[in-house]
Each structure stands twice: as C-alpha cells, then as structure tokens.
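Colleague: Let me begin by handing over the structure; questions about it come next.
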Amino acid sequence: MQRAVWLILLILVMPISLVDGRSVHAVHDEDLFPAGDMNTPADWEFKLHNSFTSEQAANDGQYISGMISDSHMTLGIDLPQNIESSTVWASATSTDSNASIGYPDGAYTWSTGPDITLNTFDLSPYLSRTIISVDLMIHFDVPDALQQDKVRISVINNGIHDLVKTWGNTQSGLFYMNSGWSLEINDTDGWTWNELSNLEINLDYVSIGGTDDSQLQVDAVGLRIEMETPWSGTERAIGVSTNTVDQWPIIDMNLSEGTYDSVSIAPCGLESEGGIWTTQSLAKPSGQSWGRIHVDHTVENSTLIIEYLDDQDSWSSISNGMIPIISGDLVLKISFSSTCLTRVWVDINDPSIHIDGNLNGAILGLDLERSAWTIQVNGQTVSNVDFSTLGAFDLTFPIGHLMSPESLELEIMVKSFFTWNSTGPANNLSLRVNNLNVVGGFSIVYDENPVCQKIGSFEMEEDGSGLILPLVARCSDDRDDADELEITFQNDAPDVIEVDLTQGQIRVRLIPGASGVAHVTTTVVDSSGNSWSEISTFTVANVDDSPQLAEFPPIVPVELGITKEIPFTVSDQDTIDNDLVITTNRSWATIDMVNRLIIVDGPTPGFTSVLVTACDETSCDERILDLEIRALPDLSIEEIRVMTELVFAGDIIDIKVMVRNSGQVSATMITVRCLADDQTISTGTIPVLMPGELGSVICDWQAPVDDSSVLLEAIVDRGTQIDESNEDNNQDSIVIAIGEAVQEPVISDGTSSFQVSQTTLLLGAGAVLLLILTIFGLFAPAKIKKIE
C-alpha cells in the first residue's frame, strides 16, 4: 500500500511533457576581436612615449610612430643620423709662426712675403667616429686692398699641394680676424683621421713690385669636422584596442556543487588540508571542443593534483592549463592541500591570440637586450619577442586563462620597446602586424517549437455563417515573428467546410447545403521546421436551407454626398420573397426590397464595407459589400462668352470660357480646349479650382472670311485626366454670326477710280442686321404661352 501511495505521488509531480523541445538550430564562429583585421583605424589608439613616461601622459616620443594603414598596423622607429661638429686648431708650425698656433686669441703672425705654414691637428678623441665633412677655418686679416699683391692658401696632404683659395685685386682689405673664414675641403677618396692629423696649411703673401700693398696677419688655423656621434635613448610605441564580447568561450565550475571529501566551503572558495573535490559532469557545447583546464588557488606552492575522467572511465592526470583528451562530458577530480580553490574553469576551443606580420628594417645601433615587442591581453603579457630575428613571423598564444565572467571586455595591447646605443648612423625598424585574431569564440542558436493558444472545437449549423478564428496573433516563436510562421490545414471533410487563412485568422466557410463532422488539423511551422499542431472538430448540424445572397462586385465606387443604388440578388428555396428580411450593419445603407436595391449615402471618403444580411424565418445569409467612397470634383462649362458684340470676317476676338467646379474637392491643372467648327483654335489651363469656384481661360480667334456663322465649342478636361463625379458635362457650344468685313469709305481726291457710296454702306449694314435677327429666331427659345 505504501509503495502504491509513493507511485501515485510520483505520477502527480511528474511534468506533463517529458520531451525537451529545445534543440540546436545553428552554431557559429564568433570573432572576439574584430579590430584585428586592421581595416578600421578608429578602432585603435596609439601612444608614443619615452620609455619612462607614463602611458597616460601626453605623447613625447620623438622618433617612434604608430598607425593603421593599408590593412596593417605599423609600430616603428626612425633614427636620424646623429651628427656633431668639432673644431681642432693647428698646434705646430714649420715656419716659426708661433703666434698663429692654437685657438684664436688675438695674437698673430704677419708676413709680406715669407710663407706661414701650420700643421699638427690633435684628433685623437675622434678616431672611432665617421667623418662627414671637413671645413678649413682661418682667422686672419689683410689690412689694405690688394692692388698687385696676392694671398694664396694651400692644403698640403702627404706632400701634395692643393691651392684652395687666392685673393687679388681686392677693393678693400680682408678682415676675418674675428669671425674667421671657412671653406669646405674635400679628398678624392674621403678623408681619414690620419690624413687630417698630418695636414699642413700654407698661407702665402705674394708680393709683386717694389712696394707691398699690405701684409698677411694670421691668428689661428683650424679644421672644423662634422662627424657621426654616439648617442642613446629609449622610446615606447603602443597600439591598443578594446572589444566587448557577448560571452567568453569558457565554462566556470560551480564550487557549491559536486562531491566533497574532506573539503569545506569557505569565503575564499573551497578549503582542504588533504581533501578531494569531484565536480559534476559538464556537457560539452554542441559542435565545440574542450580547451584548457584552469585552476586558481591562493597558495602557489601548495599541493594540487588535477585529474579528469577519460573516455575509458579512468582518471587521468593533467597539468593546470592543459587540454584533456576526451570526447564526451567532462568530470574533474581535484586533490589539494593547504590552499583554497578560488576558481575552476575550462575554456572551449582553446581560445588563442594569433598574430602574423613582419619585422622590417635593420637593428643597427639597437640594444637588443633592452628592445622587444610584446602582446598584452587584459593587462597580462602573453608574449615577449626580441628584435634579433628580422622577417616574417606567425605566432599563436593561448589566452583562455585571462577570461573572466566578471568583465566582458577584451583589451589587446601591442607594445614595441626601442632602446638604442648607436654610434650615430641613421637607422629604421618597423613592426608590421597584418592580422591579430582571437580564435575560439562561438555562439549557439537554440530553437523552440512555436506555441499557439488553443483553437478548440465548434458546433455549427448547415447554411449558417462561417467562423473567423484568431490564430497568428495568438502564436509566438523564439526566433521567428508570428507573421513569418507557415500555417497549413488538413481537412478530412472538404465537402462539409472549407478552411483557409486570411489576414492571420482562420476562416471557416460552410459548404452550401452540406452537414456533417470535419476534423481539421492546424499545423504551425517555423523557419527551422519546428511545429505546433492541434486537431479541431467542426460539427455542422442539418437545418433548412438559408437564403442565398449573390456576391457583390469586388469594389463598388460611391460618390460622397450622392446617393448610390446598388442592385442585389437574393434567393431562398424555402421562403417566399415577402418573408425575407434584408438588413445592413450601416445606418447609411438602406434596403429597397421592391426594386432589390441597396441605397448607399456614404458619410466619409475611403474604403469601407457593409455587411448585408438576408434572413428567413430560421436562418440568415451574409455578404460583405466593399465600397470605395470617393469625393470628386465636377467640372463643367458654365459659359462661353465672346468678348465683342458683333463679329466681322477677319476680326481677331477673345473668347472667354467660364469653368465651374461643382464637386466636393479641388481640381488642379485643368485643361480647357477651344474649337471652331471642330478645329482647335486654342487651349488654356486653370491651375486650380476649389469646390464651387469659377475660373476662366481666354482663347484668341480670328473670324473666317468665308463663313457667315461658326460653331464655337469649349471642352474641359478633354483627356479625362481628372476623375470627376460627372464626366458628361465637360462640353458646351454656341453659334455666332459673322458679318462681312466692314470697309472704310474712300473719299475721292480726283486721282482714285474707286468710290463707295453712302447708300451701299447702309444696305450692307441692313443685310448684316437682318442675318443676325434670322439666326436669333432660329436658336431662340419657344414663345411663352399663357395657360388658361
């Protein structure tokens, strides 16, 4: 008995459905770091500093650069040639010119003929440097102008004299004692330090004639040498970008679940002095692979042993940060002592950072022990590569250990440290990153079956009205919108009812004269093929035949404000006409049963419908009359006015056509055409006519000379481009009489042979008047008669 009670209770608490409708719809790879394609410079921030400057300070790097260009990142250094100059003065003389030895001090040796020769330049401090250029520096004066005499300066290199400068025929003296005179001197094969040390500089005053023009006064002779000079420095270039991910490809173990053996839950996590914690079984995400196992704990050198249950159901040891070799679910067993487990997680797909690029340039002058490029992920360095190897690189580093659910931001920083200790030559080196991808991200799209509210079963009567049942509005799906769901019906009795879907609703229509039971299976399917279905029973009872209303035209136009009579047809096999009742659901749509007319006086413009119901003593039939109630203009020719009382042959006259809009809305761009005897004489356009407004156009016309009367017509909107309530009143006409052309009398001056008498003029005028009266009699209305 007790077992039976437990069985009943178990049945009562069991869920109604034992099937989990959730299924994997799609699995996608996710790019965790889109900025790594190097296509969008705005995704990256560059910081250029001296190596000892804070990264938050303003950029102060002088020789480094960082940029995104042509789909790659470049972090580089461009060291210029470091050049300094130094002047070394001659320290010996072979001509006893001791006052000219050393740096300029105001003391000088003078000569009016004998040579002044200086030599011996002490260059020992510079022997390890590279010579760039050499200038000869001389501080001297020639007080007076040289009329005949000359001053010549020669450079003697290994006994070879090279005359570098000659002065003669000067307008004044030469004064270089204070500022000095200089000239670049060259050697065909380039100067060497030994050559420069042993150079002799000879200064010669060449006296011509018996009297000297002046004298040569020499204070000092030196060599100003430009050379590459050693220098050093250190700078840092950084490119950094941050992306917010939707989720990390990791799964954290719940420390509060599993099996504990001598392990206790503590504020820090799990504590033990020699216990074992076995995790619950962890399912691998669909379509993915296991990554690395990670365990964080408080004491670094404590005992920690990690094992996992392999595919042979055996425990296998694994190191922290390694990948288990397993195809199914994952179970971990962690033995630990004297430490606290703070976090245990496994990453999925071994998320890694992959970087490829090139190291281009030269490492000349770089201190390779203090120069390198690094990658940091969320503030942790994952790689440190020196500059010793130039060329292409392709590197991958795991980063699953740096992912935490506490933050969904992925910050990647590429740093280049350039430290140089150079002898002075120019040099450049650039780190080019083509791609920096973070692989391992994924997303799984789950799909559920659509869910709809219950449709139910219904009882109906033969020849009764159908049913409109809401469906789409009562359905939902986790992925598709309700109107995107595919709906089908399976009807096992199509001779009893017809079922279809219209505007998201189930429409059930009865087959005339049919009765019985129909089972309709409604199936709703989403884009993934998941479905919901229900079987509904429709019972149609057998009853007398109902009246039959014939269908109406699809759309019946009705003009606003004008009564419209719409014929209808009704029949009933079991009822005489007098017993039929026809009604509508609109107060402005009434029934004329005698003439079988629906009299409609539409209240407002627009599309609307009228439900027309025909009933006998027991049943009814309904039809929907769809109406388009329109408010239209009504254009008509109100008057054709000839703007002169009498028209004579050849006269040019104005014809004014008056057009009125008798409709309910305005009309625009109204074309009016004027015709004379069916020939177009002019057209005009009225821009706009408001309801009730009268407008006009003027038509110019020349009366013909060969006709006594003309039919003038005016047609508005001849092309029927404007929809009107009445298209039959767009034309009007009048007949006008045309008199003979009136000729001016000619007074004879004795030279003309043509004369018009006064009698002739009077006769012509009388004939025209008689013609006008005759035409008026023909077209005038009948005489009014008095009725007794």
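Each chain in the structure tokens gets a letter, A, B, ..., in the order shown, and its residues are numbered from 1; ligands are numbered from 1 in order too.
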Which parts of stretch 215-364 of chain A does DSSP call strand (DSSP E or B) when run on the backbone here, written out as a PyMOL selection string?
Modeller: chain A and resi 216-228+231-244+250-252+259-266+269-278+282+290-297+303-309+315-318+330+332-348+352-361
Colleague: Hey, what's within 8 Å of A:His28 if we count only C-alpha atoms and toss same-chain stuff fewer than 4 positions away? As a list in words, please?
Modeller: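 Within the cut-off, the hits are Phe442, Ser443 and Ile444 of chain A.
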Colleague: Report as a list of chain:residue names all protein, DNA and RNA residues lying within 9 Å of A:Leu395, evaluated on only C-alpha atoms, omitting residues in the same chain fewer than 2 positions from it.
Modeller: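 The residues satisfying every condition are A:Ile353, A:His354, A:Ile355, A:Asp356, A:Phe393, A:Phe397.
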Colleague: For stretch 119-128 of chain A, please output as JSON, numbers by chain all residues within 10 Å (counting only C-alpha atoms; exclusion window: fewer than 4 positions along the same chain).
Modeller: {"A": [86, 87, 88, 89, 90, 91, 92, 93, 94, 101, 102, 156, 192, 193, 194, 195, 196, 197, 198, 199, 200, 201, 202, 221, 222, 223, 225, 227, 228, 229, 230, 423]}
Colleague: Take the residues just selected and output them with N, CA and C atoms as a CSV table (one decimal), in the first residue's frame.
Modeller:
chain,number,residue,atom,x,y,z
A,86,SER,N,83.1,69.6,-34.6
A,86,SER,CA,84.2,70.0,-33.6
A,86,SER,C,85.3,70.7,-34.4
A,87,THR,N,85.9,71.7,-33.8
A,87,THR,CA,87.0,72.4,-34.5
A,87,THR,C,88.3,72.2,-33.7
A,88,VAL,N,89.3,71.7,-34.5
A,88,VAL,CA,90.6,71.4,-33.9
A,88,VAL,C,91.6,72.4,-34.5
A,89,TRP,N,92.4,73.0,-33.7
A,89,TRP,CA,93.3,74.1,-34.1
A,89,TRP,C,94.7,73.5,-34.3
A,90,ALA,N,95.4,74.0,-35.3
A,90,ALA,CA,96.8,73.6,-35.5
A,90,ALA,C,97.7,73.9,-34.3
A,91,SER,N,98.5,72.9,-34.0
A,91,SER,CA,99.3,73.0,-32.7
A,91,SER,C,100.8,73.1,-33.0
A,92,ALA,N,101.2,73.2,-34.3
A,92,ALA,CA,102.7,73.3,-34.6
A,92,ALA,C,102.8,74.1,-35.9
A,93,THR,N,104.1,74.6,-36.1
A,93,THR,CA,104.4,75.4,-37.3
A,93,THR,C,105.8,75.0,-37.8
A,94,SER,N,105.9,75.0,-39.1
A,94,SER,CA,107.3,74.7,-39.6
A,94,SER,C,107.9,76.0,-40.1
A,101,ILE,N,99.7,79.6,-33.6
A,101,ILE,CA,99.3,78.2,-33.1
A,101,ILE,C,98.2,78.4,-32.1
A,102,GLY,N,97.3,77.3,-32.1
A,102,GLY,CA,96.2,77.2,-31.1
A,102,GLY,C,95.0,78.0,-31.6
A,156,ILE,N,98.3,71.0,-47.8
A,156,ILE,CA,99.3,70.1,-48.2
A,156,ILE,C,99.0,68.8,-47.6
A,192,THR,N,90.7,60.6,-44.1
A,192,THR,CA,90.9,59.7,-43.0
A,192,THR,C,91.5,60.6,-41.8
A,193,TRP,N,91.3,60.0,-40.6
A,193,TRP,CA,91.8,60.7,-39.5
A,193,TRP,C,93.3,61.0,-39.5
A,194,ASN,N,94.0,60.0,-40.1
A,194,ASN,CA,95.5,60.2,-40.2
A,194,ASN,C,95.9,61.3,-41.1
A,195,GLU,N,95.1,61.4,-42.2
A,195,GLU,CA,95.4,62.5,-43.2
A,195,GLU,C,95.1,63.8,-42.6
A,196,LEU,N,94.0,63.9,-41.9
A,196,LEU,CA,93.6,65.2,-41.3
A,196,LEU,C,94.6,65.6,-40.2
A,197,SER,N,95.1,64.6,-39.4
A,197,SER,CA,96.1,64.9,-38.4
A,197,SER,C,97.4,65.5,-38.9
A,198,ASN,N,97.7,65.1,-40.1
A,198,ASN,CA,99.0,65.5,-40.7
A,198,ASN,C,98.9,66.5,-41.8
A,199,LEU,N,97.8,67.1,-41.9
A,199,LEU,CA,97.6,68.2,-42.9
A,199,LEU,C,98.5,69.4,-42.6
A,200,GLU,N,99.0,70.1,-43.6
A,200,GLU,CA,99.7,71.3,-43.4
A,200,GLU,C,98.9,72.4,-44.2
A,201,ILE,N,98.8,73.5,-43.6
A,201,ILE,CA,98.1,74.6,-44.2
A,201,ILE,C,99.1,75.7,-44.4
A,202,ASN,N,99.3,76.1,-45.7
A,202,ASN,CA,100.3,77.1,-46.1
A,202,ASN,C,99.5,78.3,-46.5
A,221,VAL,N,94.7,78.7,-37.3
A,221,VAL,CA,94.2,77.9,-38.4
A,221,VAL,C,93.7,76.6,-37.8
A,222,GLY,N,92.5,76.2,-38.3
A,222,GLY,CA,91.8,75.0,-37.7
A,222,GLY,C,91.1,74.2,-38.7
A,223,LEU,N,90.6,73.0,-38.3
A,223,LEU,CA,89.8,72.2,-39.1
A,223,LEU,C,88.5,72.0,-38.3
A,225,ILE,N,85.3,69.8,-38.2
A,225,ILE,CA,85.0,68.5,-38.7
A,225,ILE,C,83.6,68.1,-38.3
A,227,MET,N,81.0,65.0,-37.9
A,227,MET,CA,81.2,63.5,-37.7
A,227,MET,C,80.0,62.9,-37.0
A,228,GLU,N,79.7,61.6,-37.3
A,228,GLU,CA,78.7,60.9,-36.6
A,228,GLU,C,79.1,60.7,-35.1
A,229,THR,N,78.1,60.9,-34.3
A,229,THR,CA,78.5,61.0,-32.8
A,229,THR,C,77.6,59.9,-32.1
A,230,PRO,N,78.2,59.2,-31.2
A,230,PRO,CA,77.4,58.2,-30.4
A,230,PRO,C,76.3,58.9,-29.7
A,423,THR,N,76.3,54.5,-32.7
A,423,THR,CA,77.5,55.3,-33.0
A,423,THR,C,77.1,56.5,-33.8
Colleague: Contacts of A:Lys165 at 10 Å or less, counting only C-alpha atoms, minus same-chain residues fewer than 6 places along, as a list in words?
Modeller: Val151, Arg152, Ile153, Ser154, Val155, Leu183 and Leu203 of chain A
Colleague: Report, in Å with one decimal, the straight-line distance from atom CA of A:Phe140 to atom CA of A:Phe175.
Modeller: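 Taking atom CA of A:Phe140 and atom CA of A:Phe175, their separation equals 6.7 Å.
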Colleague: Of the candidates A:Glu406, A:His297, A:Arg718, A:Pro34, which one gets nearest to A:Val439 if we count only C-alpha atoms?
Modeller: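 Between A:Glu406, A:His297, A:Arg718, A:Pro34, the residue approaching A:Val439 most closely is A:Pro34.
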Colleague: Looking only at the backbone, which of the residues in stretch 108-194 of chain A does DSSP tag as helix (DSSP H, G or I), as a ChimeraX atom specification?
Modeller: /A:124-126,193-194
Colleague: Kindly save the residues from that selection, with N, CA, C and O atoms included, as a PDB file, in the first residue's frame.
Modeller:
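As written to disk, out-v2.pdb reads:
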ATOM      1  N   SER A 124      92.856  62.816 -31.740  1.00  0.00           N
ATOM      2  CA  SER A 124      92.795  61.534 -31.038  1.00  0.00           C
ATOM      3  C   SER A 124      91.437  61.251 -30.372  1.00  0.00           C
ATOM      4  O   SER A 124      91.032  60.087 -30.295  1.00  0.00           O
ATOM      5  N   PRO A 125      90.667  62.238 -29.908  1.00  0.00           N
ATOM      6  CA  PRO A 125      89.369  61.892 -29.280  1.00  0.00           C
ATOM      7  C   PRO A 125      88.322  61.390 -30.272  1.00  0.00           C
ATOM      8  O   PRO A 125      87.284  60.881 -29.857  1.00  0.00           O
ATOM      9  N   TYR A 126      88.587  61.559 -31.552  1.00  0.00           N
ATOM     10  CA  TYR A 126      87.513  61.294 -32.529  1.00  0.00           C
ATOM     11  C   TYR A 126      87.823  60.138 -33.469  1.00  0.00           C
ATOM     12  O   TYR A 126      87.098  59.917 -34.437  1.00  0.00           O
ATOM     13  N   TRP A 193      91.296  59.994 -40.642  1.00  0.00           N
ATOM     14  CA  TRP A 193      91.778  60.743 -39.465  1.00  0.00           C
ATOM     15  C   TRP A 193      93.289  60.971 -39.537  1.00  0.00           C
ATOM     16  O   TRP A 193      93.774  62.035 -39.125  1.00  0.00           O
ATOM     17  N   ASN A 194      94.025  60.037 -40.076  1.00  0.00           N
ATOM     18  CA  ASN A 194      95.490  60.190 -40.167  1.00  0.00           C
ATOM     19  C   ASN A 194      95.856  61.327 -41.111  1.00  0.00           C
ATOM     20  O   ASN A 194      96.743  62.129 -40.830  1.00  0.00           O
TER      21      ASN A 194
END
Colleague: Within 10 Å of A:Val508, counting only C-alpha atoms, which residues qualify if same-chain residues fewer than 6 places away don't, as a PyMOL selection string?
Modeller: chain A and resi 465-469+497-501+538
Colleague: Could those residues be written to a file, using N, CA, C and O atoms, as a compact mmCIF listing (two decimals), in the first residue's frame?
Modeller:
# COMPACT_ATOMS: atom_id res chain seq x y z
N SER A 465 -23.62 30.96 -40.87
CA SER A 465 -22.45 31.80 -41.14
C SER A 465 -21.18 31.03 -40.75
O SER A 465 -21.22 30.13 -39.91
N GLY A 466 -20.09 31.42 -41.37
CA GLY A 466 -18.81 30.78 -41.06
C GLY A 466 -18.20 31.33 -39.79
O GLY A 466 -18.84 32.02 -39.00
N LEU A 467 -16.92 31.01 -39.63
CA LEU A 467 -16.19 31.44 -38.43
C LEU A 467 -14.91 32.15 -38.82
O LEU A 467 -14.25 31.78 -39.80
N ILE A 468 -14.58 33.15 -38.07
CA ILE A 468 -13.27 33.80 -38.16
C ILE A 468 -12.60 33.61 -36.81
O ILE A 468 -13.08 34.13 -35.79
N LEU A 469 -11.53 32.83 -36.79
CA LEU A 469 -10.86 32.48 -35.54
C LEU A 469 -9.46 33.06 -35.53
O LEU A 469 -8.67 32.81 -36.45
N ILE A 497 -16.95 21.64 -44.92
CA ILE A 497 -16.45 23.00 -44.66
C ILE A 497 -15.19 23.24 -45.49
O ILE A 497 -14.53 22.30 -45.94
N GLU A 498 -14.89 24.50 -45.70
CA GLU A 498 -13.63 24.92 -46.29
C GLU A 498 -12.89 25.75 -45.24
O GLU A 498 -13.51 26.57 -44.55
N VAL A 499 -11.57 25.53 -45.13
CA VAL A 499 -10.76 26.23 -44.13
C VAL A 499 -9.57 26.85 -44.83
O VAL A 499 -8.88 26.19 -45.63
N ASP A 500 -9.32 28.12 -44.56
CA ASP A 500 -8.11 28.78 -45.06
C ASP A 500 -7.69 29.87 -44.07
O ASP A 500 -8.35 30.07 -43.04
N LEU A 501 -6.61 30.51 -44.40
CA LEU A 501 -6.05 31.56 -43.53
C LEU A 501 -6.16 32.88 -44.26
O LEU A 501 -5.75 33.01 -45.41
N PHE A 538 -15.23 20.29 -36.14
CA PHE A 538 -16.31 21.19 -36.53
C PHE A 538 -17.53 20.32 -36.87
O PHE A 538 -17.50 19.54 -37.83
Colleague: Work out how far atom CA of A:Val134 is from atom CA of A:Gly190, in Å to one decimal.
Modeller: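 Answer for the atom CA of A:Gly190 to atom CA of A:Val134 separation: 10.0 Å.
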Colleague: Of the candidates A:Val414, A:Leu366, A:Val581, A:Leu146, which shows the shortest atom-to-atom distance to A:Asn169, using only C-alpha atoms?
Modeller: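 Going through A:Val414, A:Leu366, A:Val581, A:Leu146 one by one, the smallest distance to A:Asn169 is for A:Leu146.
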